[in-house]
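Asker: Structure: coords_10.cif, mmCIF, C-alpha atoms.
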data_model
loop_
_atom_site.label_atom_id
_atom_site.label_comp_id
_atom_site.auth_asym_id
_atom_site.auth_seq_id
_atom_site.Cartn_x
_atom_site.Cartn_y
_atom_site.Cartn_z
CA MET B 1 -13.61 33.28 10.40
CA SER B 2 -15.16 29.99 11.40
CA ALA B 3 -14.17 26.99 9.32
CA SER B 4 -17.81 25.94 9.21
CA ARG B 5 -19.02 29.16 7.61
CA PRO B 6 -18.61 28.04 4.00
CA ALA B 7 -20.84 25.06 4.57
CA ALA B 8 -23.48 27.29 6.08
CA GLU B 9 -23.24 29.67 3.16
CA ALA B 10 -23.71 26.75 0.81
CA GLY B 11 -26.94 25.85 2.54
CA VAL B 12 -25.66 22.42 3.58
CA THR B 13 -23.98 20.92 6.61
CA ALA B 14 -20.37 19.85 6.73
CA SER B 15 -21.44 16.23 6.70
CA SER B 16 -23.19 16.62 3.34
CA LEU B 17 -20.29 15.23 1.35
CA SER B 18 -21.00 11.51 1.48
CA ARG B 19 -18.49 9.10 0.00
CA ALA B 20 -20.82 8.42 -2.93
CA VAL B 21 -21.07 12.12 -3.76
CA ALA B 22 -17.31 12.51 -3.35
CA LEU B 23 -16.78 9.69 -5.83
CA LEU B 24 -19.17 11.34 -8.31
CA PHE B 25 -17.21 14.57 -7.89
CA SER B 26 -14.06 12.54 -8.53
CA ALA B 27 -15.47 10.97 -11.71
CA ALA B 28 -16.68 14.33 -13.00
CA CYS B 29 -13.27 15.87 -12.34
CA GLY B 30 -11.50 12.96 -14.01
CA LEU B 31 -13.55 13.26 -17.19
CA ALA B 32 -13.23 17.04 -17.39
CA VAL B 33 -9.47 17.09 -16.93
CA ALA B 34 -9.03 14.15 -19.31
CA ASN B 35 -10.38 16.42 -22.03
CA VAL B 36 -7.24 18.52 -21.65
CA TYR B 37 -4.91 15.53 -22.02
CA PHE B 38 -6.63 13.38 -24.64
CA ALA B 39 -4.41 14.95 -27.31
CA GLN B 40 -1.10 13.79 -25.81
CA PRO B 41 -0.91 10.35 -27.50
CA LEU B 42 -2.52 11.81 -30.63
CA LEU B 43 0.06 14.52 -31.30
CA ASP B 44 1.79 12.59 -34.07
CA THR B 45 -1.53 11.96 -35.86
CA MET B 46 -2.61 15.57 -35.45
CA ALA B 47 0.76 16.76 -36.72
CA ASP B 48 0.36 14.70 -39.88
CA GLU B 49 -3.27 15.61 -40.52
CA PHE B 50 -2.88 19.36 -39.95
CA ALA B 51 0.66 19.70 -41.36
CA ILE B 52 2.23 20.72 -38.05
CA SER B 53 5.90 19.82 -37.50
CA HIS B 54 6.76 17.40 -34.70
CA ALA B 55 9.01 20.06 -33.17
CA THR B 56 6.08 22.45 -32.69
CA VAL B 57 3.08 20.14 -32.32
CA GLY B 58 3.34 20.64 -28.55
CA ILE B 59 1.47 23.92 -29.24
CA VAL B 60 -1.73 21.85 -29.22
CA MET B 61 -1.17 21.04 -25.54
CA THR B 62 0.21 24.48 -24.76
CA ILE B 63 -2.82 26.34 -26.16
CA THR B 64 -5.10 24.03 -24.19
CA GLN B 65 -3.17 24.77 -20.99
CA ILE B 66 -3.33 28.49 -21.73
CA GLY B 67 -7.11 28.19 -22.02
CA TYR B 68 -7.11 26.30 -18.73
CA GLY B 69 -5.06 29.04 -17.09
CA VAL B 70 -7.42 31.76 -18.32
CA GLY B 71 -10.37 29.77 -16.99
CA LEU B 72 -8.70 29.37 -13.62
CA LEU B 73 -8.30 33.10 -13.27
CA LEU B 74 -11.60 34.30 -14.78
CA VAL B 75 -14.09 31.47 -14.11
CA VAL B 76 -13.12 29.51 -10.97
CA PRO B 77 -13.35 32.53 -8.58
CA LEU B 78 -17.04 32.81 -9.48
CA GLY B 79 -17.58 29.82 -7.18
CA ASP B 80 -17.23 32.24 -4.24
CA LEU B 81 -19.95 34.47 -5.72
CA TRP B 82 -22.44 32.35 -7.68
CA ASP B 83 -24.44 29.19 -7.08
CA ARG B 84 -21.83 26.48 -7.62
CA ARG B 85 -24.46 24.02 -8.82
CA ARG B 86 -25.42 26.25 -11.75
CA LEU B 87 -21.80 27.12 -12.45
CA ILE B 88 -20.76 23.46 -12.60
CA VAL B 89 -23.66 22.38 -14.82
CA GLY B 90 -23.27 25.37 -17.16
CA GLN B 91 -19.55 24.79 -17.63
CA SER B 92 -20.09 21.11 -18.30
CA LEU B 93 -22.71 21.73 -20.99
CA LEU B 94 -20.49 24.26 -22.75
CA SER B 95 -17.62 21.80 -22.49
CA ALA B 96 -19.62 19.22 -24.42
CA LEU B 97 -20.09 21.76 -27.22
CA ALA B 98 -16.37 22.55 -27.29
CA LEU B 99 -15.53 18.85 -27.55
CA VAL B 100 -17.81 18.52 -30.58
CA ALA B 101 -16.03 21.51 -32.13
CA VAL B 102 -12.67 19.74 -31.73
CA ALA B 103 -14.06 16.58 -33.32
CA LEU B 104 -15.31 18.55 -36.35
CA ALA B 105 -12.29 20.88 -36.71
CA PRO B 106 -11.37 21.18 -40.44
CA THR B 107 -8.14 23.19 -40.05
CA ALA B 108 -5.34 23.74 -37.56
CA PRO B 109 -6.55 27.23 -36.49
CA VAL B 110 -10.03 25.90 -35.78
CA LEU B 111 -8.54 22.96 -33.88
CA LEU B 112 -6.42 25.25 -31.71
CA ALA B 113 -9.35 27.59 -30.98
CA ALA B 114 -11.55 24.65 -29.98
CA MET B 115 -8.80 23.16 -27.81
CA ALA B 116 -8.42 26.52 -26.05
CA ALA B 117 -12.17 26.44 -25.30
CA VAL B 118 -11.85 22.87 -23.98
CA GLY B 119 -9.10 24.03 -21.62
CA LEU B 120 -11.07 27.08 -20.51
CA LEU B 121 -14.12 24.99 -19.57
CA ALA B 122 -12.19 22.11 -18.00
CA VAL B 123 -11.62 24.30 -14.93
CA VAL B 124 -14.95 22.94 -13.69
CA THR B 125 -12.66 20.42 -11.98
CA GLN B 126 -11.38 23.11 -9.65
CA VAL B 127 -14.87 24.40 -8.88
CA LEU B 128 -15.70 20.83 -7.82
CA VAL B 129 -12.55 20.49 -5.69
CA ALA B 130 -13.29 23.73 -3.84
CA TYR B 131 -16.92 22.65 -3.36
CA ALA B 132 -15.80 19.31 -1.93
CA ALA B 133 -13.54 21.12 0.53
CA ILE B 134 -16.48 23.29 1.63
CA LEU B 135 -18.88 20.37 2.09
CA ALA B 136 -16.44 18.22 4.08
CA ARG B 137 -15.91 18.49 7.82
CA PRO B 138 -12.75 20.49 8.67
CA GLY B 139 -11.03 17.40 10.09
CA GLU B 140 -11.81 15.40 6.94
CA ARG B 141 -11.06 18.07 4.36
CA GLY B 142 -7.78 16.52 3.30
CA ARG B 143 -9.45 13.13 2.78
CA ALA B 144 -12.22 14.69 0.68
CA VAL B 145 -9.76 16.66 -1.41
CA GLY B 146 -7.68 13.50 -1.79
CA ILE B 147 -10.64 11.51 -3.15
CA VAL B 148 -11.64 14.20 -5.64
CA THR B 149 -8.05 14.94 -6.66
CA SER B 150 -7.46 11.24 -7.23
CA GLY B 151 -10.10 11.47 -9.94
CA ILE B 152 -8.22 14.36 -11.54
CA ILE B 153 -4.89 12.54 -11.60
CA ILE B 154 -6.45 9.28 -12.79
CA GLY B 155 -8.29 11.24 -15.49
CA ILE B 156 -5.01 12.76 -16.67
CA LEU B 157 -3.37 9.35 -16.79
CA LEU B 158 -6.20 7.29 -18.26
CA ALA B 159 -6.78 9.95 -20.90
CA ARG B 160 -3.82 8.46 -22.75
CA THR B 161 -5.21 4.93 -22.62
CA VAL B 162 -8.74 5.91 -23.65
CA SER B 163 -7.71 8.26 -26.44
CA GLY B 164 -5.09 5.87 -27.77
CA THR B 165 -7.53 2.96 -27.92
CA LEU B 166 -10.39 4.94 -29.46
CA SER B 167 -8.02 6.50 -31.98
CA ASP B 168 -6.77 3.10 -33.14
CA LEU B 169 -10.32 1.77 -33.43
CA PHE B 170 -12.28 4.69 -34.82
CA GLY B 171 -9.90 7.57 -35.52
CA TRP B 172 -8.74 10.42 -33.29
CA ARG B 173 -11.92 12.49 -33.74
CA SER B 174 -14.00 9.77 -32.08
CA VAL B 175 -12.22 10.50 -28.79
CA TYR B 176 -13.88 13.88 -28.50
CA ILE B 177 -17.33 12.70 -29.60
CA VAL B 178 -17.31 9.97 -26.95
CA SER B 179 -16.15 12.44 -24.31
CA ALA B 180 -18.93 14.87 -25.22
CA ILE B 181 -21.52 12.13 -24.72
CA ALA B 182 -19.94 11.07 -21.41
CA THR B 183 -19.96 14.69 -20.24
CA LEU B 184 -23.71 14.92 -20.82
CA VAL B 185 -24.23 11.74 -18.77
CA ILE B 186 -22.20 13.24 -15.90
CA VAL B 187 -24.28 16.43 -16.08
CA ALA B 188 -27.48 14.40 -15.69
CA LEU B 189 -26.08 12.66 -12.60
CA MET B 190 -24.83 15.88 -11.02
CA LEU B 191 -28.20 17.53 -11.46
CA LYS B 192 -29.61 14.82 -9.19
CA VAL B 193 -27.03 15.04 -6.38
CA LEU B 194 -25.51 18.53 -6.31
CA PRO B 195 -27.09 20.47 -3.43
CA ARG B 196 -28.87 23.69 -4.28
CA GLN B 197 -27.05 26.72 -2.97
CA PRO B 198 -28.57 30.05 -1.97
CA ARG B 199 -26.86 33.28 -2.96
CA SER B 200 -23.41 33.60 -1.49
CA GLY B 201 -22.84 35.92 1.43
CA VAL B 202 -19.99 37.47 -0.56
CA ARG B 203 -20.91 40.89 -1.97
CA ILE B 204 -18.23 42.00 -4.40
CA SER B 205 -18.02 43.13 -8.01
CA TYR B 206 -16.52 40.80 -10.60
CA PRO B 207 -13.39 42.95 -11.19
CA ARG B 208 -12.75 43.11 -7.44
CA LEU B 209 -13.38 39.36 -7.17
CA ILE B 210 -10.67 38.66 -9.76
CA GLY B 211 -8.36 41.24 -8.20
CA SER B 212 -8.73 39.56 -4.81
CA VAL B 213 -7.07 36.44 -6.24
CA PHE B 214 -3.85 38.45 -6.50
CA THR B 215 -4.44 40.00 -3.08
CA LEU B 216 -4.50 36.51 -1.58
CA PHE B 217 -0.96 35.93 -2.88
CA ILE B 218 0.16 39.00 -0.96
CA GLU B 219 -1.68 38.06 2.22
CA GLU B 220 -1.12 34.30 2.37
CA PRO B 221 2.48 32.97 2.25
CA VAL B 222 1.17 29.40 2.22
CA LEU B 223 -0.53 30.10 -1.11
CA ARG B 224 2.61 31.67 -2.61
CA ILE B 225 4.89 28.83 -1.57
CA ARG B 226 2.59 26.00 -2.57
CA ALA B 227 1.62 27.60 -5.88
CA ILE B 228 5.27 27.81 -6.96
CA LEU B 229 5.72 24.20 -5.88
CA ALA B 230 2.70 23.25 -8.02
CA MET B 231 4.24 25.01 -11.01
CA LEU B 232 7.44 23.01 -10.65
CA ILE B 233 5.89 19.57 -10.14
CA PHE B 234 3.46 19.97 -13.04
CA THR B 235 6.23 21.23 -15.27
CA ALA B 236 8.11 18.03 -14.46
CA ILE B 237 5.21 15.66 -15.11
CA THR B 238 4.30 17.39 -18.37
CA VAL B 239 7.92 17.19 -19.52
CA LEU B 240 7.45 13.42 -19.24
CA LEU B 241 3.97 12.96 -20.65
CA THR B 242 3.92 15.33 -23.62
CA PRO B 243 6.78 13.85 -25.72
CA LEU B 244 6.37 10.27 -24.48
CA VAL B 245 4.34 9.25 -27.55
CA LEU B 246 7.17 10.26 -29.91
CA PRO B 247 9.86 7.67 -28.95
CA LEU B 248 7.26 4.99 -28.20
CA SER B 249 5.57 5.30 -31.59
CA ALA B 250 8.80 5.68 -33.58
CA PRO B 251 11.06 2.78 -34.69
CA PRO B 252 12.35 0.52 -33.29
CA LEU B 253 9.46 0.35 -30.77
CA SER B 254 6.68 1.46 -33.17
CA LEU B 255 3.92 1.05 -30.58
CA SER B 256 0.30 1.69 -31.53
CA HIS B 257 -1.75 4.42 -29.85
CA THR B 258 -3.43 1.74 -27.75
CA GLU B 259 -0.09 0.39 -26.55
CA VAL B 260 1.19 3.88 -25.79
CA GLY B 261 -1.96 4.59 -23.84
CA LEU B 262 -1.36 1.58 -21.61
CA PHE B 263 1.35 3.55 -19.85
CA GLY B 264 -1.47 5.64 -18.43
CA LEU B 265 -2.66 2.53 -16.57
CA ALA B 266 0.75 2.25 -14.92
CA GLY B 267 0.50 5.84 -13.74
CA ALA B 268 -3.05 5.31 -12.49
CA ALA B 269 -1.79 2.60 -10.15
CA GLY B 270 0.55 5.14 -8.61
CA ALA B 271 -2.25 7.69 -8.29
CA LEU B 272 -4.49 5.20 -6.47
CA GLY B 273 -1.69 4.41 -4.06
CA ALA B 274 -1.21 8.11 -3.32
CA SER B 275 -4.87 8.63 -2.36
CA ARG B 276 -3.84 8.37 1.30
CA ALA B 277 -1.99 11.68 1.03
CA GLY B 278 -5.09 13.62 2.06
CA SER B 279 -5.57 11.55 5.21
CA GLN B 280 -1.91 12.03 6.08
CA SER B 281 -2.35 15.78 5.71
CA ASP B 282 -5.38 15.69 8.05
CA ARG B 283 -3.05 14.12 10.63
CA GLY B 284 -0.60 17.02 10.34
CA LEU B 285 1.90 15.20 8.12
CA ALA B 286 1.64 17.39 5.03
CA GLN B 287 5.31 18.37 5.09
CA ARG B 288 6.54 14.79 5.38
CA THR B 289 4.17 13.75 2.59
CA THR B 290 5.50 16.59 0.43
CA GLY B 291 9.16 15.68 1.02
CA ILE B 292 8.64 12.01 0.22
CA GLY B 293 6.61 12.83 -2.88
CA LEU B 294 9.23 15.23 -4.25
CA ALA B 295 12.04 12.76 -3.61
CA LEU B 296 10.12 10.06 -5.47
CA MET B 297 9.55 12.38 -8.43
CA LEU B 298 13.28 13.01 -8.67
CA VAL B 299 14.33 9.37 -8.31
CA ALA B 300 11.76 8.29 -10.92
CA TRP B 301 13.71 9.92 -13.74
CA LEU B 302 16.38 7.20 -13.56
CA PRO B 303 14.06 4.34 -14.68
CA ILE B 304 12.28 6.73 -17.04
CA ALA B 305 15.61 7.44 -18.76
CA LEU B 306 15.94 3.70 -19.53
CA LEU B 307 13.02 3.82 -22.00
CA PRO B 308 15.24 2.73 -24.96
CA TYR B 309 16.26 -0.40 -23.04
CA SER B 310 13.18 -1.58 -21.09
CA LEU B 311 9.52 -0.64 -21.27
CA TRP B 312 8.90 -2.45 -17.97
CA VAL B 313 11.40 -0.23 -16.19
CA LEU B 314 9.77 2.80 -17.82
CA ALA B 315 6.41 1.68 -16.41
CA VAL B 316 7.93 1.57 -12.92
CA GLY B 317 9.19 5.10 -13.37
CA VAL B 318 5.75 6.30 -14.47
CA ILE B 319 4.15 4.74 -11.38
CA VAL B 320 6.69 6.33 -9.05
CA ILE B 321 6.56 9.82 -10.53
CA ASP B 322 2.76 9.89 -10.53
CA PHE B 323 2.62 8.62 -6.96
CA GLY B 324 4.92 11.46 -5.93
CA LEU B 325 2.98 14.02 -7.93
CA GLN B 326 -0.37 13.31 -6.36
CA SER B 327 1.11 13.15 -2.87
CA VAL B 328 2.52 16.65 -3.22
CA HIS B 329 -0.54 18.05 -4.99
CA VAL B 330 -3.00 16.81 -2.36
CA ALA B 331 -0.76 18.03 0.48
CA ASN B 332 -0.58 21.44 -1.21
CA GLN B 333 -4.34 21.77 -1.49
CA SER B 334 -4.94 20.51 2.02
CA LEU B 335 -2.69 23.26 3.37
CA ILE B 336 -4.06 26.17 1.35
CA TYR B 337 -7.70 25.36 2.07
CA ARG B 338 -7.08 25.88 5.79
CA VAL B 339 -6.13 29.52 5.61
CA ARG B 340 -9.24 31.29 4.20
CA PRO B 341 -12.37 29.10 4.28
CA GLU B 342 -14.53 31.87 2.79
CA ALA B 343 -12.30 32.12 -0.30
CA GLN B 344 -11.94 28.48 -1.33
CA SER B 345 -12.60 29.07 -5.03
CA ARG B 346 -10.20 32.01 -5.23
CA LEU B 347 -7.50 30.06 -3.39
CA THR B 348 -8.03 27.24 -5.87
CA ALA B 349 -7.82 29.65 -8.80
CA GLY B 350 -4.59 31.23 -7.61
CA TYR B 351 -2.94 27.90 -6.85
CA MET B 352 -4.00 26.24 -10.09
CA VAL B 353 -2.97 29.16 -12.30
CA PHE B 354 0.58 28.17 -11.40
CA TYR B 355 -0.25 24.54 -12.20
CA SER B 356 -1.36 25.67 -15.65
CA ILE B 357 1.78 27.76 -16.16
CA GLY B 358 3.88 24.73 -15.29
CA SER B 359 1.94 22.41 -17.58
CA ALA B 360 2.12 24.82 -20.53
CA THR B 361 5.83 25.39 -20.01
CA GLY B 362 6.53 21.67 -19.75
CA SER B 363 4.52 20.87 -22.89
CA ILE B 364 6.28 23.23 -25.26
CA GLY B 365 9.68 22.89 -23.60
CA ALA B 366 9.69 19.10 -23.71
CA THR B 367 8.88 18.81 -27.42
CA MET B 368 11.56 21.39 -28.28
CA VAL B 369 14.16 19.60 -26.16
CA TYR B 370 13.18 16.24 -27.65
CA ALA B 371 13.67 17.60 -31.16
CA GLU B 372 17.19 18.77 -30.28
CA ALA B 373 18.45 16.27 -27.69
CA GLY B 374 16.14 13.24 -27.84
CA TRP B 375 14.84 11.29 -24.86
CA THR B 376 18.03 11.80 -22.85
CA GLY B 377 17.57 15.56 -23.09
CA VAL B 378 13.96 15.25 -21.93
CA CYS B 379 15.02 13.23 -18.89
CA VAL B 380 17.77 15.68 -17.97
CA LEU B 381 15.26 18.54 -18.17
CA GLY B 382 12.68 16.68 -16.10
CA ALA B 383 15.20 15.65 -13.44
CA ALA B 384 16.50 19.22 -13.20
CA VAL B 385 12.99 20.59 -12.63
CA SER B 386 12.25 17.87 -10.05
CA ALA B 387 15.50 18.62 -8.21
CA LEU B 388 14.67 22.33 -8.19
CA ALA B 389 11.27 21.55 -6.64
CA LEU B 390 12.87 19.46 -3.89
CA VAL B 391 15.40 22.19 -3.07
CA TYR B 392 12.71 24.87 -3.08
CA TRP B 393 10.58 22.87 -0.65
CA ALA B 394 13.52 22.28 1.67
CA LEU B 395 14.28 26.02 1.77
CA THR B 396 10.67 27.09 2.42
CA ARG B 397 9.17 24.29 4.51
CA HIS B 398 9.62 26.20 7.76
CA LEU B 399 7.30 28.93 6.43
CA THR B 400 4.32 26.59 5.99
CA PRO B 401 2.26 25.44 9.01
CA GLU B 402 1.07 21.88 8.70
CA ARG B 403 -1.13 21.19 11.70
CA PRO B 404 -4.81 21.02 10.74
CA ALA B 405 -7.06 23.86 11.80
CA GLY B 406 -8.22 23.22 15.33
CA GLY B 407 -5.77 20.33 15.64
CA PRO B 408 -3.48 19.68 18.58
#
Rewrite the structure from the file as structure tokens, please.
Answerer:
Amino acid sequence: MSASRPAAEAGVTASSLSRAVALLFSAACGLAVANVYFAQPLLDTMADEFAISHATVGIVMTITQIGYGVGLLLVVPLGDLWDRRRLIVGQSLLSALALVAVALAPTAPVLLAAMAAVGLLAVVTQVLVAYAAILARPGERGRAVGIVTSGIIIGILLARTVSGTLSDLFGWRSVYIVSAIATLVIVALMLKVLPRQPRSGVRISYPRLIGSVFTLFIEEPVLRIRAILAMLIFTAITVLLTPLVLPLSAPPLSLSHTEVGLFGLAGAAGALGASRAGSQSDRGLAQRTTGIGLALMLVAWLPIALLPYSLWVLAVGVIVIDFGLQSVHVANQSLIYRVRPEAQSRLTAGYMVFYSIGSATGSIGATMVYAEAGWTGVCVLGAAVSALALVYWALTRHLTPERPAGGP
């Protein structure tokens, strides 16, 4: 299968992904994924308003991640079958409606249902990532994925800052109203720049399309290995981010939502620094990038554990762990997109289902551990998961080719 076939099927050339369009893809991805994480610094407020205990309020994040996981499996593969332009715009419009539903939620059950819908529709990010990989030249695929993925990671991190600030100023519900408006603006921009796509050359029923996601796990060891790695690294990062608001907002620190959200800015600096990971993968250095990223994620838990003693040291830890996370994530995607160019959306779906499993597990696990063992327990859990990821990579690295397709 020629690596250029997907571009031809899309009705565009491989050079169609200009830097400006890649940056718009990045912004759209950042906003969509931020919708999943806006609730993190708001968990204490939501717990109080909806009478949810602090030990179980992580269910708000978990149900959102479950919705995201369902969307990955049932919606993202459609990118290999349908016009991606229509799929992206349709998901984004429905996402705006779901955000309004969250803002107007009168009870906890309604809130959870609306958050599940937000998660389900936020998978538009992965449709955009797969589309970017298709539009880019084979030798620049890692760079393109790196640019778009940077938007995702920055969106995750800045979600805390934006939601914390808006919550302090106008109440937590304003966060979702503002995001709904911003989503509509992004839709208008994408309608102008997204290339029209003729019907896909893929002829397959929807049940077989979904079933082929599982078939890819059997056929492609690179997908299996990197998906498990994604599950572990996103478990680790969610173990950090989900309960972080609880010690920061409690005495003696008693930080406001705005101040808690500023830690997202620290993480964003790390994400920007890691944007070179895609270019390194294009040069055949995906394994080295992965090893360094995993080691950084493990080491970062030491300064993170010093939260009770120094917020500045905590900020350093957040930068380091997010730098490592994006490095590994971009390297993962760069490798899996090389194996089956005609199945980019299904590869994305399979890989990111494990991301969602990791995020959901980390969310509920971290709040439970925090309730029983405090911040020290959270750090021990996060370090253990990070160490497991590093060991797993070391044991499986020889099974994953890292030279780019057509490379020397």
Asker: Applied to the shown file, which residues does the PyMOL selection byres ((chain B and resi 59-71) around 6) return, written as a list in words?
Answerer: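 Applying the PyMOL selection byres ((chain B and resi 59-71) around 6) to the structure shown produces Thr56, Val57, Gly58, Leu72, Leu73, Leu74, Val75, Met115, Ala116, Gly119, Leu120, Val123, Val353, Ser356, Ala360 and Ser363 of chain B.
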Asker: May I ask which of the residues B:Ser256, B:Thr367, B:Ser281, B:Ser53 is the closest one to Ala108 of chain B, counting only C-alpha atoms?
Answerer: B:Ser53
Asker: Please measure the separation of atom CA of Thr45 of chain B and atom CA of Trp172 of chain B, giving the value in Å to one decimal.
Answerer: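 The value is 7.8 Å.
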Asker: Considering all atoms listed in the file, state which residue in the set B:Val299, B:Ala394, B:Ile88, B:Ala389 is at the smallest distance from Ile186 of chain B.
Answerer: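 Closest candidate: B:Ile88.
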Asker: Given the PyMOL selection byres ((chain B and resi 291-294) around 6) and the file above, list the residues it selects as an mmCIF file with C-alpha atoms, in the coordinates of the input.
Answerer:
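Dumped everything to selection-v6.cif:
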data_model
loop_
_atom_site.group_PDB
_atom_site.id
_atom_site.type_symbol
_atom_site.label_atom_id
_atom_site.label_comp_id
_atom_site.auth_asym_id
_atom_site.auth_seq_id
_atom_site.Cartn_x
_atom_site.Cartn_y
_atom_site.Cartn_z
ATOM 1 C CA ARG B 288 6.540 14.790 5.380
ATOM 2 C CA THR B 289 4.170 13.750 2.590
ATOM 3 C CA THR B 290 5.500 16.590 0.430
ATOM 4 C CA ALA B 295 12.040 12.760 -3.610
ATOM 5 C CA LEU B 296 10.120 10.060 -5.470
ATOM 6 C CA MET B 297 9.550 12.380 -8.430
ATOM 7 C CA GLY B 324 4.920 11.460 -5.930
ATOM 8 C CA SER B 327 1.110 13.150 -2.870
ATOM 9 C CA VAL B 328 2.520 16.650 -3.220
ATOM 10 C CA LEU B 390 12.870 19.460 -3.890
#
Asker: So which residues get picked by the PyMOL selection byres ((chain B and resi 315-321) around 9) here, written as a PyMOL selection string?
Answerer: chain B and resi 237+240+263-271+293-294+296-305+307+310-314+322-326
Asker: Once you have the residues from the selection above, write them out as a PDB file, in the coordinates of the input, restricted to C-alpha atoms.
Answerer:
ATOM      1  CA  ILE B 237       5.210  15.660 -15.110  1.00  0.00           C
ATOM      2  CA  LEU B 240       7.450  13.420 -19.240  1.00  0.00           C
ATOM      3  CA  PHE B 263       1.350   3.550 -19.850  1.00  0.00           C
ATOM      4  CA  GLY B 264      -1.470   5.640 -18.430  1.00  0.00           C
ATOM      5  CA  LEU B 265      -2.660   2.530 -16.570  1.00  0.00           C
ATOM      6  CA  ALA B 266       0.750   2.250 -14.920  1.00  0.00           C
ATOM      7  CA  GLY B 267       0.500   5.840 -13.740  1.00  0.00           C
ATOM      8  CA  ALA B 268      -3.050   5.310 -12.490  1.00  0.00           C
ATOM      9  CA  ALA B 269      -1.790   2.600 -10.150  1.00  0.00           C
ATOM     10  CA  GLY B 270       0.550   5.140  -8.610  1.00  0.00           C
ATOM     11  CA  ALA B 271      -2.250   7.690  -8.290  1.00  0.00           C
ATOM     12  CA  GLY B 293       6.610  12.830  -2.880  1.00  0.00           C
ATOM     13  CA  LEU B 294       9.230  15.230  -4.250  1.00  0.00           C
ATOM     14  CA  LEU B 296      10.120  10.060  -5.470  1.00  0.00           C
ATOM     15  CA  MET B 297       9.550  12.380  -8.430  1.00  0.00           C
ATOM     16  CA  LEU B 298      13.280  13.010  -8.670  1.00  0.00           C
ATOM     17  CA  VAL B 299      14.330   9.370  -8.310  1.00  0.00           C
ATOM     18  CA  ALA B 300      11.760   8.290 -10.920  1.00  0.00           C
ATOM     19  CA  TRP B 301      13.710   9.920 -13.740  1.00  0.00           C
ATOM     20  CA  LEU B 302      16.380   7.200 -13.560  1.00  0.00           C
ATOM     21  CA  PRO B 303      14.060   4.340 -14.680  1.00  0.00           C
ATOM     22  CA  ILE B 304      12.280   6.730 -17.040  1.00  0.00           C
ATOM     23  CA  ALA B 305      15.610   7.440 -18.760  1.00  0.00           C
ATOM     24  CA  LEU B 307      13.020   3.820 -22.000  1.00  0.00           C
ATOM     25  CA  SER B 310      13.180  -1.580 -21.090  1.00  0.00           C
ATOM     26  CA  LEU B 311       9.520  -0.640 -21.270  1.00  0.00           C
ATOM     27  CA  TRP B 312       8.900  -2.450 -17.970  1.00  0.00           C
ATOM     28  CA  VAL B 313      11.400  -0.230 -16.190  1.00  0.00           C
ATOM     29  CA  LEU B 314       9.770   2.800 -17.820  1.00  0.00           C
ATOM     30  CA  ASP B 322       2.760   9.890 -10.530  1.00  0.00           C
ATOM     31  CA  PHE B 323       2.620   8.620  -6.960  1.00  0.00           C
ATOM     32  CA  GLY B 324       4.920  11.460  -5.930  1.00  0.00           C
ATOM     33  CA  LEU B 325       2.980  14.020  -7.930  1.00  0.00           C
ATOM     34  CA  GLN B 326      -0.370  13.310  -6.360  1.00  0.00           C
TER      35      GLN B 326
END
Asker: In Å, with one decimal, what is the gap from atom CA of Trp82 of chain B to atom CA of Ala331 of chain B?
Answerer: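 According to the coordinates, atom CA of Trp82 of chain B and atom CA of Ala331 of chain B are separated by 27.2 Å.
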Asker: What is the atom CA of Thr235 of chain B to atom CA of Ser359 of chain B distance in Å?
Answerer: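 Interatomic distance here is 5.0 Å.
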Asker: Please list as a ChimeraX atom specification every residue within 6 Å of segment 177-184 of chain B, counting all atoms listed in the file and excluding residues in the same chain fewer than 6 positions away.
Answerer: /B:96,99-100
Asker: Just the residues within 9 Å of segment 156-162 of chain B, please, counting only C-alpha atoms, with nothing from its chain fewer than 3 positions along; format it as a ChimeraX atom specification.
Answerer: /B:30-31,33-42,151-153,165-167,175,257-268,271,322
Asker: Store the residues picked out above, limited to C-alpha atoms, as a short mmCIF file (atom, residue, chain, number, x, y, z; two decimals), in the frame of the given file.
Answerer:
data_model
loop_
_atom_site.label_atom_id
_atom_site.label_comp_id
_atom_site.auth_asym_id
_atom_site.auth_seq_id
_atom_site.Cartn_x
_atom_site.Cartn_y
_atom_site.Cartn_z
CA GLY B 30 -11.50 12.96 -14.01
CA LEU B 31 -13.55 13.26 -17.19
CA VAL B 33 -9.47 17.09 -16.93
CA ALA B 34 -9.03 14.15 -19.31
CA ASN B 35 -10.38 16.42 -22.03
CA VAL B 36 -7.24 18.52 -21.65
CA TYR B 37 -4.91 15.53 -22.02
CA PHE B 38 -6.63 13.38 -24.64
CA ALA B 39 -4.41 14.95 -27.31
CA GLN B 40 -1.10 13.79 -25.81
CA PRO B 41 -0.91 10.35 -27.50
CA LEU B 42 -2.52 11.81 -30.63
CA GLY B 151 -10.10 11.47 -9.94
CA ILE B 152 -8.22 14.36 -11.54
CA ILE B 153 -4.89 12.54 -11.60
CA THR B 165 -7.53 2.96 -27.92
CA LEU B 166 -10.39 4.94 -29.46
CA SER B 167 -8.02 6.50 -31.98
CA VAL B 175 -12.22 10.50 -28.79
CA HIS B 257 -1.75 4.42 -29.85
CA THR B 258 -3.43 1.74 -27.75
CA GLU B 259 -0.09 0.39 -26.55
CA VAL B 260 1.19 3.88 -25.79
CA GLY B 261 -1.96 4.59 -23.84
CA LEU B 262 -1.36 1.58 -21.61
CA PHE B 263 1.35 3.55 -19.85
CA GLY B 264 -1.47 5.64 -18.43
CA LEU B 265 -2.66 2.53 -16.57
CA ALA B 266 0.75 2.25 -14.92
CA GLY B 267 0.50 5.84 -13.74
CA ALA B 268 -3.05 5.31 -12.49
CA ALA B 271 -2.25 7.69 -8.29
CA ASP B 322 2.76 9.89 -10.53
#
